[in-house]
$ cat my_file-v3.cif   # mmCIF, C-alpha atoms
data_input
loop_
_atom_site.label_atom_id
_atom_site.label_comp_id
_atom_site.auth_asym_id
_atom_site.auth_seq_id
_atom_site.Cartn_x
_atom_site.Cartn_y
_atom_site.Cartn_z
CA ARG C 1 34.68 52.64 -50.77
CA ASP C 2 31.72 53.17 -48.53
CA ALA C 3 29.42 51.56 -51.09
CA THR C 4 31.60 48.48 -51.43
CA SER C 5 32.22 48.13 -47.70
CA GLU C 6 28.56 48.26 -46.68
CA PRO C 7 27.72 44.66 -47.76
CA CYS C 8 30.78 43.46 -45.91
CA SER C 9 29.60 45.24 -42.78
CA ASP C 10 26.18 43.55 -43.02
CA TYR C 11 27.78 40.14 -43.47
CA ASP C 12 30.07 40.63 -40.53
CA GLY C 13 27.07 41.73 -38.41
CA ASP C 14 25.02 38.64 -39.35
CA ARG C 15 27.95 36.39 -38.60
CA GLY C 16 28.39 38.04 -35.21
CA ALA C 17 24.68 37.65 -34.41
CA ARG C 18 24.76 33.98 -35.29
CA ALA C 19 27.87 33.54 -33.18
CA ASN C 20 26.04 35.10 -30.23
CA LEU C 21 23.02 32.84 -30.75
CA MET C 22 25.04 29.62 -30.61
CA PRO C 23 25.93 29.90 -26.90
CA MET C 24 22.36 30.85 -26.12
CA GLN C 25 21.03 27.78 -27.95
CA ALA C 26 23.54 25.55 -26.18
CA LEU C 27 22.57 27.06 -22.86
CA GLY C 28 18.90 26.43 -23.63
CA PHE C 29 19.73 22.73 -24.05
CA LEU C 30 22.13 22.39 -21.14
CA ILE C 31 19.84 23.89 -18.48
CA PRO C 32 16.97 21.35 -18.96
CA ALA C 33 19.55 18.55 -19.25
CA ALA C 34 21.15 19.62 -15.97
CA ILE C 35 17.76 19.82 -14.25
CA PHE C 36 16.82 16.35 -15.52
CA ALA C 37 20.18 14.92 -14.42
CA GLY C 38 19.73 16.48 -10.97
CA ILE C 39 16.22 15.07 -10.56
CA PHE C 40 17.37 11.65 -11.79
CA THR C 41 20.25 11.65 -9.29
CA VAL C 42 17.94 12.57 -6.41
CA VAL C 43 15.44 9.84 -7.38
CA ILE C 44 18.20 7.21 -7.57
CA ARG C 45 19.60 8.23 -4.18
CA LEU C 46 16.17 8.13 -2.55
CA THR C 47 15.46 4.75 -4.14
CA ILE C 48 18.77 3.36 -2.88
CA LYS C 49 18.13 4.72 0.61
CA GLN C 50 14.63 3.27 0.69
CA GLN C 51 15.85 -0.13 -0.51
CA GLN C 52 18.52 -0.10 2.18
CA ARG C 53 15.80 0.45 4.80
CA VAL C 54 13.75 -2.37 3.25
CA ARG C 55 16.69 -4.77 3.43
CA GLU C 56 17.49 -3.73 7.00
CA ASN C 57 13.88 -4.14 8.17
CA LEU C 58 13.38 -7.46 6.38
CA THR C 59 16.67 -8.70 7.82
CA ASN C 60 15.44 -7.86 11.32
CA LEU C 61 12.19 -9.74 10.67
CA ALA C 62 14.14 -12.68 9.25
CA GLU C 63 16.33 -12.85 12.37
CA HIS C 64 13.24 -12.76 14.57
CA TYR C 65 11.65 -15.75 12.80
CA GLY C 66 14.82 -17.59 11.82
CA LEU C 67 14.33 -17.01 8.11
CA THR C 68 16.92 -16.83 5.34
CA VAL C 69 17.93 -13.52 3.78
CA PRO C 70 19.25 -13.75 0.21
CA GLU C 71 22.72 -12.38 -0.43
CA THR C 72 22.96 -8.79 -1.62
CA PRO C 73 23.23 -8.87 -5.44
CA LYS C 74 26.38 -7.44 -7.00
CA SER C 75 24.47 -5.75 -9.80
CA PHE C 76 23.30 -2.24 -8.92
CA PHE C 77 19.87 -2.60 -10.52
CA ALA C 78 19.39 -6.08 -9.05
CA ARG C 79 19.73 -4.53 -5.59
CA LEU C 80 16.68 -2.38 -6.30
CA LYS C 81 14.44 -5.40 -6.95
CA PRO C 82 12.15 -6.82 -4.22
CA PHE C 83 13.36 -9.95 -2.46
CA PRO C 84 11.80 -12.46 -0.03
CA VAL C 85 12.92 -13.75 3.34
CA THR C 86 11.84 -17.36 3.70
CA GLY C 87 12.16 -20.35 5.98
CA VAL C 88 10.34 -22.61 8.42
CA PHE C 89 8.81 -21.20 11.57
CA ARG C 90 6.85 -23.33 14.06
CA GLY C 91 6.62 -26.16 11.55
CA ARG C 92 5.22 -24.08 8.67
CA ALA C 93 6.82 -22.45 5.66
CA LEU C 94 6.82 -18.70 6.23
CA SER C 95 7.65 -16.10 3.63
CA ILE C 96 7.76 -12.31 4.05
CA TYR C 97 8.25 -10.39 0.83
CA SER C 98 7.25 -7.44 -1.33
CA TYR C 99 6.17 -7.09 -4.95
CA THR C 100 4.79 -4.51 -7.35
CA THR C 101 1.84 -4.37 -9.69
CA GLY C 102 1.15 -1.98 -12.53
CA SER C 103 3.71 0.37 -14.08
CA GLY C 104 4.59 4.03 -14.23
CA LYS C 105 2.18 6.24 -12.30
CA ASN C 106 -0.06 3.21 -11.72
CA THR C 107 2.64 1.24 -9.87
CA THR C 108 1.55 -0.15 -6.51
CA HIS C 109 4.02 -1.55 -3.97
CA TRP C 110 2.77 -4.43 -1.81
CA CYS C 111 3.95 -6.08 1.40
CA ALA C 112 3.03 -9.73 1.81
CA VAL C 113 3.16 -12.56 4.34
CA SER C 114 2.59 -16.17 3.28
CA VAL C 115 2.08 -19.21 5.53
CA THR C 116 1.50 -22.76 4.34
CA LEU C 117 -0.97 -25.25 5.82
CA GLN C 118 -2.74 -28.53 5.20
CA ASN C 119 -6.13 -27.76 3.70
CA PRO C 120 -7.47 -30.92 2.01
CA SER C 121 -11.09 -29.86 2.61
CA GLN C 122 -10.40 -26.70 0.55
CA LEU C 123 -11.78 -24.19 3.02
CA THR C 124 -11.65 -20.65 1.62
CA LEU C 125 -11.66 -17.44 3.61
CA ARG C 126 -11.17 -13.76 2.94
CA ILE C 127 -10.95 -11.05 5.59
CA THR C 128 -10.94 -7.33 4.83
CA ARG C 129 -11.83 -4.23 6.75
CA GLU C 130 -15.42 -3.16 6.13
CA GLY C 131 -15.36 -0.63 3.30
CA MET C 132 -17.41 0.90 0.53
CA LEU C 133 -16.94 -2.06 -1.83
CA ALA C 134 -18.20 -4.47 0.83
CA LYS C 135 -21.22 -2.29 1.45
CA VAL C 136 -21.99 -2.08 -2.27
CA ALA C 137 -21.65 -5.86 -2.61
CA ARG C 138 -24.02 -6.38 0.30
CA ALA C 139 -26.51 -3.99 -1.30
CA PHE C 140 -26.50 -6.24 -4.37
CA GLY C 141 -27.24 -9.31 -2.24
CA VAL C 142 -23.70 -10.61 -1.74
CA GLU C 143 -23.74 -11.77 1.87
CA ASP C 144 -20.75 -11.97 4.15
CA VAL C 145 -20.24 -14.11 7.24
CA ALA C 146 -21.76 -12.64 10.40
CA THR C 147 -20.16 -13.89 13.61
CA GLY C 148 -22.83 -12.43 15.89
CA ASP C 149 -20.36 -9.95 17.38
CA LYS C 150 -21.86 -6.67 16.13
CA THR C 151 -18.78 -4.57 16.83
CA PHE C 152 -16.60 -7.04 14.94
CA ASP C 153 -19.10 -7.56 12.11
CA ASP C 154 -19.43 -3.81 11.59
CA GLU C 155 -15.66 -3.49 11.24
CA PHE C 156 -14.76 -6.54 9.14
CA HIS C 157 -16.02 -8.21 6.00
CA LEU C 158 -15.69 -12.01 5.90
CA LYS C 159 -16.23 -14.35 2.95
CA SER C 160 -16.00 -18.15 3.12
CA ASN C 161 -17.28 -21.26 1.38
CA ASP C 162 -18.27 -22.57 4.82
CA PRO C 163 -19.94 -19.70 6.72
CA ALA C 164 -21.37 -22.00 9.38
CA TYR C 165 -17.94 -23.29 10.36
CA ILE C 166 -16.43 -19.80 10.44
CA ARG C 167 -19.19 -18.60 12.78
CA VAL C 168 -18.31 -21.37 15.21
CA ALA C 169 -14.54 -21.22 14.76
CA PHE C 170 -14.19 -17.46 15.12
CA ILE C 171 -14.19 -17.50 18.90
CA PRO C 172 -13.39 -14.26 20.79
CA GLU C 173 -9.65 -15.01 20.77
CA ILE C 174 -9.58 -15.27 16.96
CA ARG C 175 -11.65 -12.11 16.57
CA ALA C 176 -9.27 -10.32 18.94
CA LEU C 177 -6.27 -11.35 16.82
CA ILE C 178 -7.97 -10.00 13.71
CA SER C 179 -8.87 -6.72 15.37
CA ASP C 180 -5.35 -6.37 16.73
CA ALA C 181 -3.76 -6.99 13.33
CA TRP C 182 -5.86 -4.21 11.78
CA LYS C 183 -5.62 -1.93 14.80
CA SER C 184 -3.56 0.74 13.03
CA GLY C 185 -6.12 1.06 10.23
CA GLN C 186 -4.15 -0.40 7.34
CA ARG C 187 -5.84 -1.43 4.11
CA GLY C 188 -4.60 -5.01 4.06
CA ARG C 189 -6.50 -8.22 3.40
CA ILE C 190 -5.87 -11.81 4.39
CA SER C 191 -7.07 -14.83 2.45
CA LEU C 192 -7.01 -18.60 2.70
CA ASP C 193 -6.92 -20.44 -0.58
CA ALA C 194 -5.68 -23.98 -1.27
CA ALA C 195 -2.62 -24.54 0.96
CA GLU C 196 -1.68 -20.94 1.65
CA ILE C 197 -2.75 -18.14 3.96
CA LYS C 198 -1.65 -14.85 2.48
CA TYR C 199 -1.74 -11.31 3.80
CA VAL C 200 -1.17 -8.40 1.41
CA GLU C 201 -1.12 -4.67 2.04
CA PRO C 202 -0.32 -1.72 -0.26
CA ALA C 203 2.74 -0.44 1.57
CA SER C 204 6.53 -0.70 1.82
CA PHE C 205 8.77 -2.53 4.27
CA ALA C 206 10.74 0.71 4.45
CA SER C 207 8.02 1.89 6.83
CA PRO C 208 8.70 1.06 10.50
CA LYS C 209 4.95 0.99 11.18
CA VAL C 210 4.45 -1.78 8.62
CA CYS C 211 7.25 -3.85 10.13
CA GLU C 212 5.88 -3.35 13.64
CA ARG C 213 2.54 -4.96 12.74
CA ILE C 214 3.97 -7.89 10.76
CA PRO C 215 4.34 -10.03 13.95
CA LYS C 216 0.61 -9.51 14.62
CA VAL C 217 -0.16 -10.58 11.05
CA VAL C 218 2.04 -13.68 11.42
CA GLU C 219 0.28 -14.67 14.66
CA LEU C 220 -3.09 -14.23 12.97
CA ALA C 221 -2.03 -16.28 9.95
CA TYR C 222 -0.85 -19.14 12.16
CA ALA C 223 -4.08 -19.04 14.16
CA LEU C 224 -6.15 -19.17 10.95
CA ALA C 225 -4.06 -22.11 9.75
CA GLU C 226 -5.03 -23.98 12.92
CA VAL C 227 -8.70 -23.06 12.33
CA ALA C 228 -8.57 -24.44 8.79
CA GLU C 229 -6.81 -27.65 9.76
CA ALA C 230 -9.20 -28.19 12.67
CA ARG C 231 -12.09 -28.15 10.18
CA HIS C 232 -10.56 -31.06 8.30
CA ARG C 233 -10.04 -32.99 11.53
CA VAL C 234 -13.66 -32.40 12.55
CA ALA C 235 -14.91 -33.42 9.11
CA GLY C 236 -12.74 -36.50 9.17
#
$ encode --input "my_file-v3.cif" --output "C-alpha coordinates"
Amino acid sequence: RDATSEPCSDYDGDRGARANLMPMQALGFLIPAAIFAGIFTVVIRLTIKQQQRVRENLTNLAEHYGLTVPETPKSFFARLKPFPVTGVFRGRALSIYSYTTGSGKNTTHWCAVSVTLQNPSQLTLRITREGMLAKVARAFGVEDVATGDKTFDDEFHLKSNDPAYIRVAFIPEIRALISDAWKSGQRGRISLDAAEIKYVEPASFASPKVCERIPKVVELAYALAEVAEARHRVAG
(Lines of atoms letter the chains of each structure in order from A and count residues from 1; the text may use other names and numbers.)
(Lines give C-alpha, C1' and ligand atoms only; values in the text may rest on other atoms or scores of the structure.)
Protein backbone atom coordinates (compact mmCIF):
# COMPACT_ATOMS: atom_id res chain seq x y z
CA ARG A 1 0.00 0.00 0.00
CA ASP A 2 2.88 2.32 0.67
CA ALA A 3 4.26 1.70 -2.80
CA THR A 4 0.96 2.47 -4.49
CA SER A 5 0.22 5.51 -2.34
CA GLU A 6 3.56 7.24 -2.91
CA PRO A 7 2.76 8.49 -6.46
CA CYS A 8 -0.54 9.81 -5.18
CA SER A 9 1.28 11.70 -2.45
CA ASP A 10 3.62 13.30 -5.01
CA TYR A 11 0.69 14.32 -7.21
CA ASP A 12 -1.18 15.83 -4.32
CA GLY A 13 1.97 17.75 -3.31
CA ASP A 14 2.49 19.17 -6.83
CA ARG A 15 -1.14 20.18 -7.01
CA GLY A 16 -0.84 21.93 -3.66
CA ALA A 17 2.32 23.77 -4.75
CA ARG A 18 0.65 24.97 -7.92
CA ALA A 19 -2.36 26.09 -5.91
CA ASN A 20 -0.06 28.12 -3.68
CA LEU A 21 1.68 29.69 -6.68
CA MET A 22 -1.55 30.97 -8.24
CA PRO A 23 -2.26 33.58 -5.54
CA MET A 24 1.37 34.66 -5.62
CA GLN A 25 1.24 35.15 -9.40
CA ALA A 26 -2.01 37.10 -9.12
CA LEU A 27 -0.50 39.24 -6.40
CA GLY A 28 2.52 39.91 -8.57
CA PHE A 29 0.18 41.31 -11.23
CA LEU A 30 -2.16 43.20 -8.93
CA ILE A 31 0.53 45.16 -7.07
CA PRO A 32 2.01 46.87 -10.20
CA ALA A 33 -1.53 47.44 -11.51
CA ALA A 34 -2.54 49.10 -8.24
CA ILE A 35 0.59 51.27 -8.26
CA PHE A 36 -0.07 52.33 -11.86
CA ALA A 37 -3.72 53.09 -11.10
CA GLY A 38 -2.67 55.16 -8.08
CA ILE A 39 -0.13 57.17 -10.08
CA PHE A 40 -2.65 57.68 -12.90
CA THR A 41 -5.26 58.94 -10.42
CA VAL A 42 -2.80 61.38 -8.85
CA VAL A 43 -1.74 62.70 -12.28
CA ILE A 44 -5.37 63.21 -13.36
CA ARG A 45 -6.21 65.04 -10.12
CA LEU A 46 -3.18 67.30 -10.43
CA THR A 47 -4.01 68.00 -14.08
CA ILE A 48 -7.60 68.88 -13.20
CA LYS A 49 -6.46 71.14 -10.37
CA GLN A 50 -3.94 72.90 -12.60
CA GLN A 51 -6.51 73.40 -15.35
CA GLN A 52 -8.93 74.86 -12.82
CA ARG A 53 -6.26 77.39 -11.82
CA VAL A 54 -5.63 78.17 -15.50
CA ARG A 55 -9.33 78.81 -16.12
CA GLU A 56 -9.63 80.93 -12.98
CA ASN A 57 -6.57 83.04 -13.84
CA LEU A 58 -7.55 83.48 -17.49
CA THR A 59 -11.07 84.43 -16.40
CA ASN A 60 -9.62 87.14 -14.15
CA LEU A 61 -7.51 88.47 -17.04
CA ALA A 62 -10.54 88.35 -19.34
CA GLU A 63 -12.61 90.38 -16.86
CA HIS A 64 -9.80 92.93 -16.58
CA TYR A 65 -9.67 93.50 -20.35
CA GLY A 66 -13.32 92.85 -21.17
CA LEU A 67 -12.58 89.67 -23.10
CA THR A 68 -14.81 86.66 -23.70
CA VAL A 69 -14.26 83.39 -21.86
CA PRO A 70 -15.53 80.27 -23.67
CA GLU A 71 -18.04 78.12 -21.85
CA THR A 72 -16.68 75.20 -19.85
CA PRO A 73 -16.92 72.09 -22.07
CA LYS A 74 -19.13 69.24 -20.85
CA SER A 75 -16.64 66.59 -21.94
CA PHE A 76 -14.07 65.76 -19.27
CA PHE A 77 -11.12 65.56 -21.66
CA ALA A 78 -12.23 68.71 -23.50
CA ARG A 79 -11.88 70.59 -20.21
CA LEU A 80 -8.19 69.70 -20.12
CA LYS A 81 -7.49 71.35 -23.49
CA PRO A 82 -6.07 74.91 -23.71
CA PHE A 83 -8.55 77.67 -24.53
CA PRO A 84 -8.25 81.36 -25.47
CA VAL A 85 -9.86 84.47 -24.04
CA THR A 86 -10.46 86.95 -26.83
CA GLY A 87 -12.08 90.29 -27.55
CA VAL A 88 -11.44 93.93 -28.39
CA PHE A 89 -9.48 96.13 -26.03
CA ARG A 90 -8.67 99.78 -26.80
CA GLY A 91 -9.67 99.31 -30.42
CA ARG A 92 -7.48 96.26 -31.09
CA ALA A 93 -8.18 92.55 -31.12
CA LEU A 94 -6.56 91.03 -28.06
CA SER A 95 -6.14 87.33 -27.40
CA ILE A 96 -4.59 85.65 -24.36
CA TYR A 97 -4.16 81.90 -24.69
CA SER A 98 -1.96 78.87 -24.16
CA TYR A 99 -0.81 76.04 -26.41
CA THR A 100 1.58 73.11 -26.42
CA THR A 101 4.31 71.92 -28.74
CA GLY A 102 6.01 68.54 -28.91
CA SER A 103 4.75 65.38 -27.22
CA GLY A 104 5.55 63.10 -24.33
CA LYS A 105 8.66 64.13 -22.42
CA ASN A 106 9.36 66.78 -25.06
CA THR A 107 6.05 68.61 -24.48
CA THR A 108 6.39 72.34 -23.88
CA HIS A 109 3.54 74.48 -22.54
CA TRP A 110 3.38 78.07 -23.81
CA CYS A 111 1.58 81.22 -22.70
CA ALA A 112 0.81 83.72 -25.44
CA VAL A 113 -0.57 87.22 -25.97
CA SER A 114 -1.61 88.43 -29.42
CA VAL A 115 -2.50 91.98 -30.48
CA THR A 116 -3.52 93.04 -33.98
CA LEU A 117 -2.39 96.21 -35.77
CA GLN A 118 -2.23 97.90 -39.15
CA ASN A 119 1.17 97.18 -40.66
CA PRO A 120 1.01 97.84 -44.42
CA SER A 121 4.72 98.71 -44.55
CA GLN A 122 5.50 95.20 -43.22
CA LEU A 123 7.82 96.23 -40.42
CA THR A 124 9.26 93.21 -38.62
CA LEU A 125 10.65 93.12 -35.11
CA ARG A 126 11.81 90.50 -32.65
CA ILE A 127 12.78 91.16 -29.03
CA THR A 128 14.40 88.58 -26.77
CA ARG A 129 16.54 88.72 -23.69
CA GLU A 130 20.24 88.60 -24.52
CA GLY A 131 21.31 84.97 -24.33
CA MET A 132 23.85 82.47 -25.55
CA LEU A 133 22.16 82.00 -28.94
CA ALA A 134 22.22 85.75 -29.57
CA LYS A 135 25.88 85.90 -28.66
CA VAL A 136 26.70 82.99 -30.97
CA ALA A 137 24.74 84.62 -33.81
CA ARG A 138 26.63 87.87 -33.29
CA ALA A 139 29.92 85.96 -33.37
CA PHE A 140 28.95 84.68 -36.82
CA GLY A 141 28.27 88.21 -38.05
CA VAL A 142 24.50 88.37 -37.48
CA GLU A 143 24.01 91.91 -36.20
CA ASP A 144 21.21 93.06 -33.96
CA VAL A 145 19.79 96.55 -33.52
CA ALA A 146 21.77 98.73 -31.12
CA THR A 147 19.76 101.55 -29.58
CA GLY A 148 22.78 103.33 -28.09
CA ASP A 149 21.63 102.58 -24.55
CA LYS A 150 24.42 100.23 -23.42
CA THR A 151 22.56 98.87 -20.41
CA PHE A 152 19.53 98.08 -22.56
CA ASP A 153 21.58 96.73 -25.48
CA ASP A 154 23.51 94.42 -23.17
CA GLU A 155 20.27 92.97 -21.83
CA PHE A 156 18.15 92.65 -24.98
CA HIS A 157 18.58 91.32 -28.49
CA LEU A 158 16.62 93.17 -31.20
CA LYS A 159 16.11 92.16 -34.83
CA SER A 160 14.25 94.24 -37.42
CA ASN A 161 14.06 94.82 -41.16
CA ASP A 162 14.35 98.55 -40.43
CA PRO A 163 17.08 99.00 -37.80
CA ALA A 164 17.34 102.74 -38.41
CA TYR A 165 13.69 103.32 -37.57
CA ILE A 166 13.85 101.14 -34.45
CA ARG A 167 16.84 103.12 -33.17
CA VAL A 168 14.82 106.32 -33.44
CA ALA A 169 11.50 104.87 -32.29
CA PHE A 170 12.82 103.09 -29.21
CA ILE A 171 12.76 106.16 -27.01
CA PRO A 172 13.44 105.76 -23.25
CA GLU A 173 9.75 105.17 -22.52
CA ILE A 174 9.61 102.21 -24.92
CA ARG A 175 12.85 100.76 -23.58
CA ALA A 176 11.48 101.11 -20.05
CA LEU A 177 8.34 99.15 -21.00
CA ILE A 178 10.49 96.37 -22.45
CA SER A 179 12.71 96.22 -19.38
CA ASP A 180 9.69 96.21 -17.10
CA ALA A 181 8.01 93.36 -19.02
CA TRP A 182 11.13 91.20 -18.63
CA LYS A 183 11.88 92.37 -15.11
CA SER A 184 11.21 88.99 -13.49
CA GLY A 185 13.68 87.24 -15.79
CA GLN A 186 11.29 85.16 -17.87
CA ARG A 187 12.40 83.54 -21.13
CA GLY A 188 9.72 85.06 -23.32
CA ARG A 189 10.03 86.72 -26.71
CA ILE A 190 7.89 89.25 -28.54
CA SER A 191 7.67 89.59 -32.29
CA LEU A 192 5.97 91.77 -34.87
CA ASP A 193 5.11 90.07 -38.12
CA ALA A 194 2.46 91.05 -40.67
CA ALA A 195 -0.56 92.34 -38.71
CA GLU A 196 0.16 90.75 -35.35
CA ILE A 197 2.32 91.42 -32.31
CA LYS A 198 2.79 88.20 -30.41
CA TYR A 199 4.39 87.42 -27.08
CA VAL A 200 5.18 83.81 -26.17
CA GLU A 201 6.75 82.33 -23.07
CA PRO A 202 7.34 78.70 -21.99
CA ALA A 203 5.13 78.70 -18.91
CA SER A 204 1.60 78.04 -17.64
CA PHE A 205 -1.24 80.39 -16.75
CA ALA A 206 -1.59 78.31 -13.60
CA SER A 207 1.35 80.33 -12.28
CA PRO A 208 0.34 83.55 -10.49
CA LYS A 209 3.68 85.12 -11.44
CA VAL A 210 2.94 84.65 -15.14
CA CYS A 211 -0.49 86.23 -14.78
CA GLU A 212 0.93 89.15 -12.83
CA ARG A 213 3.24 90.16 -15.69
CA ILE A 214 0.69 89.73 -18.50
CA PRO A 215 -0.60 93.34 -18.04
CA LYS A 216 2.97 94.59 -18.57
CA VAL A 217 3.23 92.48 -21.72
CA VAL A 218 -0.10 93.82 -23.00
CA GLU A 219 1.02 97.43 -22.41
CA LEU A 220 4.25 96.72 -24.27
CA ALA A 221 2.43 95.08 -27.17
CA TYR A 222 0.11 98.07 -27.54
CA ALA A 223 3.04 100.48 -27.42
CA LEU A 224 4.87 98.51 -30.12
CA ALA A 225 1.72 98.54 -32.24
CA GLU A 226 1.75 102.34 -32.07
CA VAL A 227 5.45 102.34 -33.03
CA ALA A 228 4.77 100.18 -36.08
CA GLU A 229 1.77 102.19 -37.23
CA ALA A 230 3.67 105.46 -36.74
CA ARG A 231 6.31 104.19 -39.18
CA HIS A 232 3.67 103.80 -41.88
CA ARG A 233 2.34 107.30 -41.20
CA VAL A 234 5.84 108.76 -41.44
CA ALA A 235 6.55 106.85 -44.64
CA GLY A 236 3.25 107.95 -46.09
$ closest_residue --input "my_file-v3.cif" --among "C:Tyr165, C:Trp110, C:Phe89, C:Phe156" --to "Ile127 of chain C" --atoms "only C-alpha atoms"
C:Phe156
$ closest_residue --input "my_file-v3.cif" --among "C:Lys198, C:Arg92, C:Arg231, C:Arg129" --to "Ala169 of chain C" --atoms "all atoms listed in the file"
C:Arg231
$ atom_distance --input "my_file-v3.cif" --atom1 "atom CA of Ile96 of chain C" --atom2 "atom CA of Pro84 of chain C"
5.7 Å
$ resolve_selection --input "my_file-v3.cif" --expression "the PyMOL selection byres ((chain C and resi 146) around 12)" --output "VMD selection string"
chain C and resid 127 143 to 145 147 to 160 162 to 168 170 175
$ atom_distance --input "my_file-v3.cif" --atom1 "atom CA of Val115 of chain C" --atom2 "atom CA of Ile197 of chain C"
5.2 Å
$ resolve_selection --input "my_file-v3.cif" --expression "the PyMOL selection byres ((chain C and resi 213) around 12)" --output "PyMOL selection string"
chain C and resi 61+111-113+177-186+188+199+201+205+207-212+214-220
$ residues_around --input "my_file-v3.cif" --residues "Pro120 of chain C" --least-positions-apart "6" --cutoff "9 Å" --atoms "all atoms listed in the file" --output "number ranges by chain"
C: 194-195, 229, 232
$ atom_distance --input "my_file-v3.cif" --atom1 "atom CA of Thr108 of chain C" --atom2 "atom CA of Arg126 of chain C"
20.9 Å
$ closest_residue --input "my_file-v3.cif" --among "C:Val85, C:Pro172, C:Ala228, C:Asn161" --to "Ala62 of chain C" --atoms "all atoms listed in the file"
C:Val85
$ closest_residue --input "my_file-v3.cif" --among "C:Arg189, C:Ile171, C:Leu67, C:Pro32" --to "Glu130 of chain C" --atoms "all atoms listed in the file"
C:Arg189
